[in-house]
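S.K.: Structure in structure tokens, see below.
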Amino acid sequence: MSRGSLWVASVLLVALGAWHAAVSPIAALQRMELAFDDLRQNAYLQPGPHPDIVIVDVDEASLAELGRWPWPRTHFARLVDELIQRQRVAAIGFDFVFAEPDLGAWPLLKALAQSDPALAQQLPRWRQTTDNDAVFAKSLQGRPIVLGYYLSNDRGGVRVGPLPPPLFALPKPSSQVRLPLWNGYGANVATLLAAAPAAGFFNAWPDDDGVVRSVPAVGRVDQQVQPSLALSLARVAAGLPAVEPVWVPVAGREGLLDLVALKLTPPDGGEPRLLALDERGGLRVPYRGRGGKVGGAFRYVPAATLLAGRIPAAELAGKLVLVGSSAPGLADLRSTPVNAAMPGVEVHANLLAGMLDGRLPQRPDWAPGYEVALIIISMLLAALVATRLAGRWAMVGAAALGVSLVASNLLAYSQAGLVLPVATALVLSAILFFGAVSVSYVREWEGRRSLVRLFSSYLPPDRARALARDPQAHKLEAENRELTILFCDLRGFTSIAESLPPLALRDLLNQYLSTATAIVHDHGGTLDKFIGDAVMAFWGAPQPQADHAARAVRAAMALAQGTVPLNQALRARGLPEVGYGIGVATGVVCVGDLGSSARRAYTAVGDAVNLAARLESQTRHAGVGLLVSDTTCHAARLDLPDIAWVEVDQTKVKGRQQFVNIFTPLPSACLADAATQDQLRNWQLALAAARLHHDASARAYLGRLNELLALNSHATSQQQAEGAGLSRSSADLFAGLARRLQNDLDRAAAPSSALGDSRPAPDGGPAA
């Protein structure tokens, strides 16, 4: 991905994140934030049960022992007496609503008393024992009890029973207060409400995914504000501190107020406590454990066990007790971040525990601005990591960024109780980073495919694919590098072309070029181009090759032998045979992707290229088919111990000031016998004398060489076979060299060079 595209993508993602954080939440990002919130909750669960809170559970065992639900109110009266008198608990909260009267036998006795005056006289005394509501109300009287009730918005505004006194009234008309409004409720019967000192609603607020993460601390009904069950129980346990609402004007909304906190002042005038609320007047539930009887966050005591007196006296002394149910049949199981089916009473127990411990995590009102800033910073860092680092280091940098974001978020939660957003920043920066990395990998993959297609013209497919896998191979820019260059031309092709029809000529040329290509590829070379019937190849690029000179020499010797099948085909057609003229040179050249904007190619240019082309053209006059520069000879000598080097001449080629010593290679076995060594020695002496213009000495050595050649004209079959590598035996080689030097001496055409510098390069070859 280009830098410009990356920054455009960053700006778009930042705009998306800012819209989500400050304007309107995006559902997918919101779900991810909630999922991270759940993981954070699970990461900070508290070990062991809370020491001050106990849950009295109307469980399935209690229902089986005491009868089906609903229980008579007398059971609850006995339960209250057991908890207050025998267990001496600090306060009790009921996660039930007693919305319908339970008069027990009182209606029947009242009907009978109408016809029995004696019975009618006993009615006032019997009512205290037969009216279950009266019995329960008597047990509530003057004790620290909080009754529960519910608020509703989905029952058409139906209201059942009287509401308790409000916590406080609204300061202005309800339309000017941003606090959720409830239009209905189901409250307790008046007898019980009058007897209990406090009541609180037990509603929870599931998020869009149905999970309960927060509970309203207060709820608005008409112009009044009612407390929740957990808040009322905490106030009762603390001696009913005075409550003062903290209202704050909403920015940009004139006349609109937010309830941001409750100020709780102890009755003894102690230090006030501030209870921060969210924008809905709610509190985030700080879950302590997995939930349920085996969750370990709270002690569960079956109601039947308490009523049967099986709990030792005062074992629950000083505890805050919540009475609720874990029985599935009573349908009070809630989905929470820590448990998919937590008893509803434990949700309130967790919130109450947070109030008592002062551990109530909250999302601050500046969270949207913080989230926008975090998104901008994380996107900037992700873009820098994606563009400045590569490979594994980019992944390490991205992982470090993600770990830093998560670690700082968890630290703010654990140390300061701040619930800060982080998932959106993580997701968007990950999208940017992996998008940039993916685009880079796709481009690299396309680049490798292009590289394979490019080098498939020069290299075998396996080498081209291996080259594409090499990161260094992607650098196609021209560079200076030492290479060995080979030019190979087909001798006698022009005369054959005149006598063959076009299709036959095409087949012949294809056979020759295919043979040359296969030999170059087999020896690890790069096929640069075809120039008519000439071939240019080089070694040492695109992949470095320490032995590029040796590879080129062996390929040249193999090319010299490659005329055998071609000549067989020509003889079958009754055509004359052909041979190769090969020039090889080593030197520093410019190699890479070169050309114009309209046409480019991976090729090499430089002095060594020109020299190889000149040497190939000089094979016509040198008496040998393969000429190798002195630089190639020196570079390849150590890597070719089985090759002997025969100096052909010292020449000055067109375009170069210095002389070049040129050689031709022979298998060492060709020079193994004494007679051949004598031939080589006399050739070297004749060449040295001619180079010093000692023509008489040169002619004498050439005469001795010719005598030796005549004596050894019948070479062994093995020598013939080995010499066939250059299409001639060693004797033929020396004979050809001797004839060429003799002719030069006779003509005296080049006093200091047997090979002049006036011979042009082949048509189409590189310019000097």
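Lettering and numbering for the structure tokens are positional, with chains as A, B, ... in the shown order, residues counted from 1 in each chain, and ligands counted from 1 in the shown order.
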Sorted by chain and rising residue number, which residues of segment 138-165 of chain A lie within 10 Å of segment 216-221 of chain A, and what are their closest atom pairs and distances in Å to one decimal, counting only C-alpha atoms, as JSON lines?

M.R.:
{"residue": "A:Leu151", "atom": "CA", "partner": "A:Gly219", "partner_atom": "CA", "distance": 8.1}
{"residue": "A:Ser152", "atom": "CA", "partner": "A:Val221", "partner_atom": "CA", "distance": 9.9}
{"residue": "A:Leu163", "atom": "CA", "partner": "A:Val221", "partner_atom": "CA", "distance": 9.6}

S.K.: Convert the current residue selection to file output with N, CA, C and O atoms, as a short mmCIF file (atom, residue, chain, number, x, y, z; two decimals), in the first residue's frame.

M.R.:
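Dumped to result.cif:
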data_model
loop_
_atom_site.label_atom_id
_atom_site.label_comp_id
_atom_site.auth_asym_id
_atom_site.auth_seq_id
_atom_site.Cartn_x
_atom_site.Cartn_y
_atom_site.Cartn_z
N LEU A 151 -40.16 -1.81 38.39
CA LEU A 151 -40.63 -0.75 37.51
C LEU A 151 -40.78 -1.33 36.11
O LEU A 151 -40.11 -2.29 35.76
N SER A 152 -41.66 -0.71 35.30
CA SER A 152 -41.90 -1.28 33.97
C SER A 152 -42.17 -0.19 32.96
O SER A 152 -42.61 0.91 33.30
N LEU A 163 -46.32 3.14 45.83
CA LEU A 163 -44.87 3.28 45.83
C LEU A 163 -44.39 3.79 47.18
O LEU A 163 -45.12 4.51 47.88
#

S.K.: Can you tell me, as number ranges by chain, which residues in segment 236-472 of chain A count as helix (DSSP H, G or I) by DSSP?

M.R.: A: 236-237, 303-307, 328-330, 344-357, 367-388, 391-416, 423-455, 461-469, 471-472

S.K.: Could those selected residues go to a file with C-alpha atoms, as a short mmCIF file (atom, residue, chain, number, x, y, z; two decimals), in the first residue's frame?

M.R.:
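As a result, again_13.cif now contains:
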data_model
loop_
_atom_site.label_atom_id
_atom_site.label_comp_id
_atom_site.auth_asym_id
_atom_site.auth_seq_id
_atom_site.Cartn_x
_atom_site.Cartn_y
_atom_site.Cartn_z
CA VAL A 236 -30.44 0.96 55.68
CA ALA A 237 -27.20 -0.77 56.68
CA ALA A 303 -34.27 -20.90 53.13
CA ALA A 304 -35.57 -24.28 54.35
CA THR A 305 -32.34 -24.82 56.30
CA LEU A 306 -32.79 -21.50 58.13
CA LEU A 307 -36.47 -22.11 58.86
CA PRO A 328 -35.13 -22.14 37.47
CA GLY A 329 -38.90 -22.42 37.86
CA LEU A 330 -39.13 -18.95 39.40
CA GLY A 344 -30.95 -12.32 39.83
CA VAL A 345 -30.48 -11.87 43.56
CA GLU A 346 -26.72 -12.30 43.13
CA VAL A 347 -26.60 -9.44 40.62
CA HIS A 348 -27.85 -7.16 43.43
CA ALA A 349 -25.47 -8.80 45.88
CA ASN A 350 -22.54 -7.95 43.58
CA LEU A 351 -23.66 -4.34 43.31
CA LEU A 352 -24.15 -4.11 47.08
CA ALA A 353 -20.67 -5.56 47.61
CA GLY A 354 -19.24 -2.89 45.31
CA MET A 355 -20.95 -0.15 47.33
CA LEU A 356 -19.66 -1.54 50.62
CA ASP A 357 -16.10 -2.02 49.31
CA ALA A 367 -14.75 8.66 27.76
CA PRO A 368 -15.95 9.64 24.23
CA GLY A 369 -13.21 12.25 23.85
CA TYR A 370 -10.66 9.84 25.25
CA GLU A 371 -11.77 7.18 22.77
CA VAL A 372 -11.39 9.55 19.81
CA ALA A 373 -7.88 10.53 20.97
CA LEU A 374 -6.96 6.88 21.53
CA ILE A 375 -8.17 5.94 18.04
CA ILE A 376 -6.09 8.71 16.45
CA ILE A 377 -2.93 7.77 18.37
CA SER A 378 -3.30 4.02 17.80
CA MET A 379 -3.99 4.50 14.08
CA LEU A 380 -0.94 6.74 13.74
CA LEU A 381 1.26 4.18 15.48
CA ALA A 382 -0.21 1.32 13.43
CA ALA A 383 0.51 3.23 10.21
CA LEU A 384 4.09 3.93 11.31
CA VAL A 385 4.63 0.27 12.24
CA ALA A 386 3.21 -0.90 8.92
CA THR A 387 5.37 1.49 6.89
CA ARG A 388 8.62 1.68 8.86
CA GLY A 391 8.42 -8.79 8.11
CA ARG A 392 8.54 -10.19 11.62
CA TRP A 393 9.49 -6.83 13.13
CA ALA A 394 6.26 -5.33 11.83
CA MET A 395 4.31 -8.13 13.53
CA VAL A 396 6.31 -7.59 16.74
CA GLY A 397 5.57 -3.86 16.59
CA ALA A 398 1.85 -4.46 16.02
CA ALA A 399 1.74 -6.95 18.90
CA ALA A 400 3.55 -4.47 21.15
CA LEU A 401 1.02 -1.78 20.24
CA GLY A 402 -1.90 -4.08 21.01
CA VAL A 403 -0.39 -5.22 24.31
CA SER A 404 0.27 -1.60 25.32
CA LEU A 405 -3.33 -0.59 24.62
CA VAL A 406 -4.75 -3.53 26.56
CA ALA A 407 -2.29 -3.22 29.45
CA SER A 408 -2.96 0.50 29.94
CA ASN A 409 -6.71 -0.13 29.83
CA LEU A 410 -6.51 -2.90 32.43
CA LEU A 411 -4.27 -0.75 34.62
CA ALA A 412 -6.81 2.10 34.54
CA TYR A 413 -9.55 -0.40 35.48
CA SER A 414 -7.72 -2.10 38.32
CA GLN A 415 -6.06 0.98 39.85
CA ALA A 416 -8.58 3.77 39.24
CA ALA A 423 -11.81 -2.30 21.58
CA THR A 424 -12.59 0.18 18.79
CA ALA A 425 -9.02 1.51 18.78
CA LEU A 426 -7.70 -2.06 18.76
CA VAL A 427 -10.01 -3.20 15.95
CA LEU A 428 -9.51 -0.18 13.69
CA SER A 429 -5.73 -0.10 14.14
CA ALA A 430 -5.64 -3.86 13.48
CA ILE A 431 -7.72 -3.36 10.32
CA LEU A 432 -5.34 -0.65 9.16
CA PHE A 433 -2.20 -2.63 9.99
CA PHE A 434 -3.30 -5.95 8.53
CA GLY A 435 -4.84 -4.19 5.55
CA ALA A 436 -1.55 -2.47 4.84
CA VAL A 437 0.38 -5.70 5.41
CA SER A 438 -2.04 -7.68 3.24
CA VAL A 439 -1.77 -5.18 0.41
CA SER A 440 2.01 -5.26 0.74
CA TYR A 441 2.02 -9.05 0.62
CA VAL A 442 -0.34 -9.07 -2.36
CA ARG A 443 1.90 -6.60 -4.14
CA GLU A 444 4.94 -8.63 -3.21
CA TRP A 445 3.19 -11.76 -4.48
CA GLU A 446 2.31 -9.98 -7.71
CA GLY A 447 5.87 -8.71 -7.88
CA ARG A 448 7.17 -12.23 -7.49
CA ARG A 449 4.83 -13.45 -10.21
CA SER A 450 6.04 -10.63 -12.45
CA LEU A 451 9.60 -11.53 -11.51
CA VAL A 452 8.97 -15.18 -12.42
CA ARG A 453 7.45 -14.14 -15.75
CA LEU A 454 10.36 -11.79 -16.38
CA PHE A 455 13.15 -14.22 -15.54
CA PRO A 461 11.42 -22.12 -14.34
CA ASP A 462 12.81 -23.63 -11.12
CA ARG A 463 15.55 -21.02 -10.90
CA ALA A 464 13.12 -18.24 -11.73
CA ARG A 465 10.80 -19.34 -8.88
CA ALA A 466 13.72 -19.68 -6.49
CA LEU A 467 14.88 -16.23 -7.50
CA ALA A 468 11.40 -14.81 -6.81
CA ARG A 469 11.49 -16.29 -3.30
CA PRO A 471 13.96 -10.97 -1.18
CA GLN A 472 17.20 -9.62 -2.63
#

S.K.: I need the residue nearest Ala230 of chain A from this list: A:Gly282, A:Pro171, A:Pro542, A:Gly581. Use only C-alpha atoms for the distance.

M.R.: A:Gly282

S.K.: Would you list the contacts of Leu45 of chain A as a list of chain:residue names, taking every protein, DNA or RNA residue within 7 Å and counting only C-alpha atoms, but skipping same-chain residues closer than 3 positions in sequence?

M.R.: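 Residues near the query, excluding close chain neighbours: A:Gln41, A:Asn42, A:Tyr287, A:Arg288, A:Gly289.
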
S.K.: Take atom CA of Gly583 of chain A and atom CA of Leu508 of chain A and report the distance between them in Å, one decimal.

M.R.: 22.5 Å

S.K.: Can you measure atom CA of Leu737 of chain A to atom CA of Gly623 of chain A for me? One decimal in Å is fine.

M.R.: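 Atom CA of Gly623 of chain A lies 5.4 Å from atom CA of Leu737 of chain A.
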